[in-house]
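Engineer: Have a peek at input-v1.tsv (TSV, C-alpha atoms).
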```
chain	number	residue	atom	x	y	z
A	1	MET	CA	0.00	0.00	0.00
A	2	ILE	CA	1.43	3.36	-0.92
A	3	SER	CA	1.47	6.13	1.61
A	4	ARG	CA	-0.62	9.25	1.29
A	5	ARG	CA	2.54	11.33	0.95
A	6	THR	CA	3.81	9.16	-1.93
A	7	PHE	CA	0.42	9.36	-3.63
A	8	ILE	CA	0.32	13.16	-3.34
A	9	MET	CA	3.90	13.54	-4.55
A	10	ALA	CA	3.25	11.26	-7.55
A	11	GLY	CA	0.15	13.29	-8.40
A	12	LEU	CA	2.02	16.57	-8.15
A	13	PHE	CA	4.92	15.24	-10.21
A	14	GLY	CA	2.55	13.89	-12.85
A	15	ALA	CA	0.59	17.13	-13.06
A	16	ALA	CA	3.79	19.18	-13.30
A	17	ALA	CA	5.13	16.90	-16.04
A	18	LEU	CA	1.92	17.16	-18.05
A	19	VAL	CA	1.77	20.95	-17.73
A	20	THR	CA	5.45	21.25	-18.66
A	21	ALA	CA	4.97	19.03	-21.72
A	22	ARG	CA	1.98	21.04	-22.86
A	23	TRP	CA	3.89	24.30	-22.32
A	24	LEU	CA	7.03	23.08	-24.11
A	25	ARG	CA	4.99	21.77	-26.99
A	26	GLY	CA	3.70	25.27	-27.52
A	27	PRO	CA	0.96	26.67	-29.74
A	28	ASP	CA	2.99	26.34	-32.95
A	29	THR	CA	2.86	22.54	-32.96
A	30	PRO	CA	0.88	21.31	-35.96
A	31	ALA	CA	-2.58	20.39	-34.77
A	32	GLY	CA	-3.39	17.97	-37.57
A	33	ASP	CA	-6.94	17.84	-38.84
A	34	SER	CA	-9.40	20.12	-37.04
A	35	ARG	CA	-12.55	18.06	-37.76
A	36	PRO	CA	-14.28	16.55	-34.72
A	37	GLY	CA	-12.91	13.11	-33.94
A	38	THR	CA	-9.48	13.73	-35.41
A	39	LEU	CA	-6.22	13.58	-33.50
A	40	ASP	CA	-3.19	15.81	-33.77
A	41	THR	CA	-0.09	14.54	-35.55
A	42	ASP	CA	1.69	13.51	-32.35
A	43	ALA	CA	-1.27	11.51	-31.06
A	44	GLN	CA	-1.60	9.79	-34.42
A	45	ALA	CA	2.09	8.81	-34.42
A	46	ILE	CA	1.87	7.47	-30.87
A	47	LEU	CA	-1.28	5.49	-31.59
A	48	HIS	CA	0.07	4.13	-34.89
A	49	ALA	CA	2.96	2.71	-32.84
A	50	MET	CA	0.80	1.38	-29.99
A	51	VAL	CA	-2.25	-0.06	-31.78
A	52	PRO	CA	-0.38	-2.95	-33.49
A	53	VAL	CA	1.12	-3.94	-30.15
A	54	LEU	CA	-2.15	-3.71	-28.23
A	55	LEU	CA	-4.00	-5.63	-30.94
A	56	ALA	CA	-1.28	-8.21	-31.60
A	57	GLY	CA	-2.89	-11.36	-32.95
A	58	ALA	CA	-6.18	-9.63	-33.79
A	59	LEU	CA	-4.99	-7.61	-36.79
A	60	PRO	CA	-4.81	-9.00	-40.33
A	61	ILE	CA	-1.46	-10.54	-41.25
A	62	GLU	CA	-1.12	-9.04	-44.74
A	63	ALA	CA	0.72	-5.69	-44.58
A	64	PRO	CA	-1.76	-3.56	-46.58
A	65	ALA	CA	-4.76	-4.95	-44.69
A	66	LYS	CA	-2.93	-4.51	-41.39
A	67	ARG	CA	-2.08	-0.87	-42.19
A	68	ALA	CA	-5.69	-0.19	-43.15
A	69	ALA	CA	-6.95	-1.82	-39.94
A	70	VAL	CA	-4.52	0.23	-37.81
A	71	ASP	CA	-5.53	3.42	-39.64
A	72	GLU	CA	-9.24	2.68	-39.05
A	73	THR	CA	-8.60	1.91	-35.40
A	74	VAL	CA	-6.64	5.14	-34.86
A	75	GLN	CA	-9.46	7.05	-36.55
A	76	GLY	CA	-11.96	5.24	-34.29
A	77	ILE	CA	-9.94	6.22	-31.23
A	78	GLY	CA	-10.18	9.85	-32.36
A	79	VAL	CA	-13.95	9.53	-32.62
A	80	ALA	CA	-14.11	7.87	-29.19
A	81	ILE	CA	-12.01	10.65	-27.63
A	82	ALA	CA	-14.27	13.27	-29.22
A	83	GLY	CA	-17.18	11.67	-27.36
A	84	LEU	CA	-15.51	11.98	-23.96
A	85	SER	CA	-15.99	14.83	-21.54
A	86	PRO	CA	-13.88	17.96	-22.15
A	87	ALA	CA	-11.85	17.19	-19.03
A	88	ALA	CA	-11.05	13.66	-20.23
A	89	GLN	CA	-10.18	14.98	-23.70
A	90	GLU	CA	-7.77	17.48	-22.15
A	91	GLU	CA	-6.13	14.77	-20.02
A	92	LEU	CA	-5.57	12.66	-23.13
A	93	ARG	CA	-4.20	15.69	-25.04
A	94	GLN	CA	-1.77	16.23	-22.17
A	95	LEU	CA	-0.78	12.54	-22.19
A	96	PHE	CA	-0.05	12.63	-25.92
A	97	ALA	CA	1.84	15.92	-25.54
A	98	LEU	CA	3.96	14.41	-22.78
A	99	LEU	CA	4.70	11.22	-24.71
A	100	ALA	CA	5.54	13.24	-27.84
A	101	LEU	CA	8.13	15.37	-26.05
A	102	PRO	CA	11.51	13.67	-26.73
A	103	PRO	CA	12.97	13.96	-23.19
A	104	ALA	CA	9.73	12.69	-21.66
A	105	ARG	CA	9.40	9.94	-24.26
A	106	VAL	CA	12.86	8.68	-23.34
A	107	ALA	CA	12.52	9.18	-19.56
A	108	ILE	CA	8.97	7.95	-19.07
A	109	ALA	CA	8.25	5.62	-21.98
A	110	ARG	CA	11.91	4.61	-22.47
A	111	VAL	CA	11.43	4.79	-26.22
A	112	LYS	CA	14.56	6.32	-27.76
A	113	ASN	CA	13.37	6.73	-31.35
A	114	PRO	CA	10.48	8.94	-32.42
A	115	TRP	CA	7.16	7.07	-32.26
A	116	ASN	CA	6.99	6.57	-36.02
A	117	GLU	CA	10.37	4.81	-35.87
A	118	ALA	CA	9.84	2.86	-32.63
A	119	THR	CA	10.05	-0.92	-32.81
A	120	GLU	CA	7.17	-3.09	-31.66
A	121	ALA	CA	9.46	-4.50	-28.95
A	122	ASP	CA	10.17	-0.98	-27.59
A	123	VAL	CA	6.47	-0.13	-27.61
A	124	ARG	CA	5.56	-3.45	-25.96
A	125	ASP	CA	8.14	-2.83	-23.21
A	126	CYS	CA	6.75	0.69	-22.72
A	127	LEU	CA	3.17	-0.55	-22.41
A	128	ASP	CA	4.23	-3.37	-20.07
A	129	ARG	CA	6.00	-0.83	-17.83
A	130	PHE	CA	2.96	1.44	-17.83
A	131	ARG	CA	0.62	-1.46	-17.00
A	132	GLY	CA	2.79	-2.72	-14.13
A	133	SER	CA	3.97	0.66	-12.83
A	134	SER	CA	3.71	1.60	-9.18
A	135	LEU	CA	2.62	5.07	-10.33
A	136	THR	CA	-1.14	5.40	-10.67
A	137	LEU	CA	-0.66	7.96	-13.44
A	138	LEU	CA	1.13	5.48	-15.71
A	139	ARG	CA	-1.31	2.65	-14.94
A	140	SER	CA	-4.18	5.01	-15.76
A	141	ALA	CA	-2.48	6.00	-19.02
A	142	TYR	CA	-2.16	2.34	-19.97
A	143	GLY	CA	-5.79	1.67	-19.05
A	144	ALA	CA	-7.03	4.59	-21.14
A	145	LEU	CA	-4.94	3.65	-24.18
A	146	HIS	CA	-5.96	-0.01	-23.87
A	147	GLN	CA	-9.67	0.68	-23.47
A	148	LEU	CA	-9.82	3.24	-26.27
A	149	THR	CA	-7.95	0.92	-28.64
A	150	PHE	CA	-10.12	-2.11	-27.88
A	151	ALA	CA	-13.32	-0.07	-28.10
A	152	ALA	CA	-12.29	1.32	-31.49
A	153	TRP	CA	-11.23	-2.10	-32.78
A	154	TYR	CA	-14.15	-4.20	-31.57
A	155	GLY	CA	-16.68	-1.45	-32.27
A	156	ASN	CA	-15.67	-1.48	-35.93
A	157	PRO	CA	-17.89	-3.79	-38.00
A	158	GLY	CA	-14.84	-4.59	-40.15
A	159	SER	CA	-13.25	-6.47	-37.24
A	160	TRP	CA	-16.30	-8.58	-36.43
A	161	PRO	CA	-15.68	-11.39	-38.94
A	162	ARG	CA	-12.20	-12.01	-37.43
A	163	ILE	CA	-13.81	-12.82	-34.08
A	164	GLY	CA	-16.86	-14.62	-35.44
A	165	TYR	CA	-19.32	-11.97	-34.34
A	166	PRO	CA	-22.25	-11.79	-36.77
A	167	GLY	CA	-23.22	-8.29	-35.65
A	168	PRO	CA	-26.08	-7.05	-33.53
A	169	PRO	CA	-29.39	-8.83	-33.94
A	170	GLU	CA	-31.92	-7.23	-36.23
A	171	ILE	CA	-35.00	-5.95	-34.47
A	172	ALA	CA	-38.25	-6.53	-36.32
A	173	ALA	CA	-40.23	-3.36	-36.80
```
Using structure tokens, write down the structure that the file contains.
Structural biologist:
Amino acid sequence: MISRRTFIMAGLFGAAALVTARWLRGPDTPAGDSRPGTLDTDAQAILHAMVPVLLAGALPIEAPAKRAAVDETVQGIGVAIAGLSPAAQEELRQLFALLALPPARVAIARVKNPWNEATEADVRDCLDRFRGSSLTLLRSAYGALHQLTFAAWYGNPGSWPRIGYPGPPEIAA
């Protein structure tokens, strides 16, 4: 059991890190597409690295089909995030900003290369550390990324045949 002091210090450290990342990222960072349900460029790069690891074994094997499935899942995550409360959306923006910042990416995620160059092994190690971390902030980050990814994947009718799900039953009018 962690002490109250440790919990408070971890929370303060996490909040300070997120605010610092957002501040260092600055307003000049390309925002990506501005349509509802779209993610900024950094979030897209991070998710394109993480989705194949989180969905290992569920994605198609063929490279073009796998890329298309990852792209659809990342787009679905953007739509899911757009449906969250403004506070939750801001927390996720801060998480992506923190993970996109090179010093934080190396220190926290322990991923040396930019996300679009990260190996699946590096990303898997990062996610395993987040999932098993003693810091609530990192475990929460893993939980959010995991839940959003699985919701986007299994909520997509294109993934249903791979799991043998025929779709929702039709209701007679």
Engineer: Of the candidates A:His48, A:Lys66, A:Arg131, A:His146, which one gets nearest to A:Glu117 if we count only C-alpha atoms?
Structural biologist: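 So, comparing all the options, the nearest one is A:His48.
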Engineer: Residues near stretch 152-169 of chain A, anyone? I mean within 12 Å using only C-alpha atoms, not counting same-chain ones fewer than 3 positions away, as a PyMOL selection string.
Structural biologist: chain A and resi 47+51-52+54-61+65-66+68-81+145-149+172
Engineer: Of the candidates A:Ala45, A:Arg105, A:Leu39, A:Met50, which one gets nearest to A:Phe150 if we count only C-alpha atoms?
Structural biologist: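 Closest to A:Phe150, using only C-alpha atoms: A:Met50.
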Engineer: Extract, using all atoms listed in the file, all DNA, RNA and protein residues at most 10 Å from A:Ala118, discarding same-chain residues fewer than 3 positions from it, and format them as a VMD selection string.
Structural biologist: chain A and resid 45 to 46 49 to 50 111 to 115 121 to 123
Engineer: Tell me, in Å to one decimal, how far atom CA of A:Asp42 is from atom CA of A:Leu92.
Structural biologist: 11.8 Å
Engineer: From the options A:Ile108, A:Ala151, A:Leu99, A:Leu84, which residue's atoms come nearest to A:Leu135, counting only C-alpha atoms?
Structural biologist: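 When distances to A:Leu135 are compared using only C-alpha atoms, the smallest one comes from A:Ile108.
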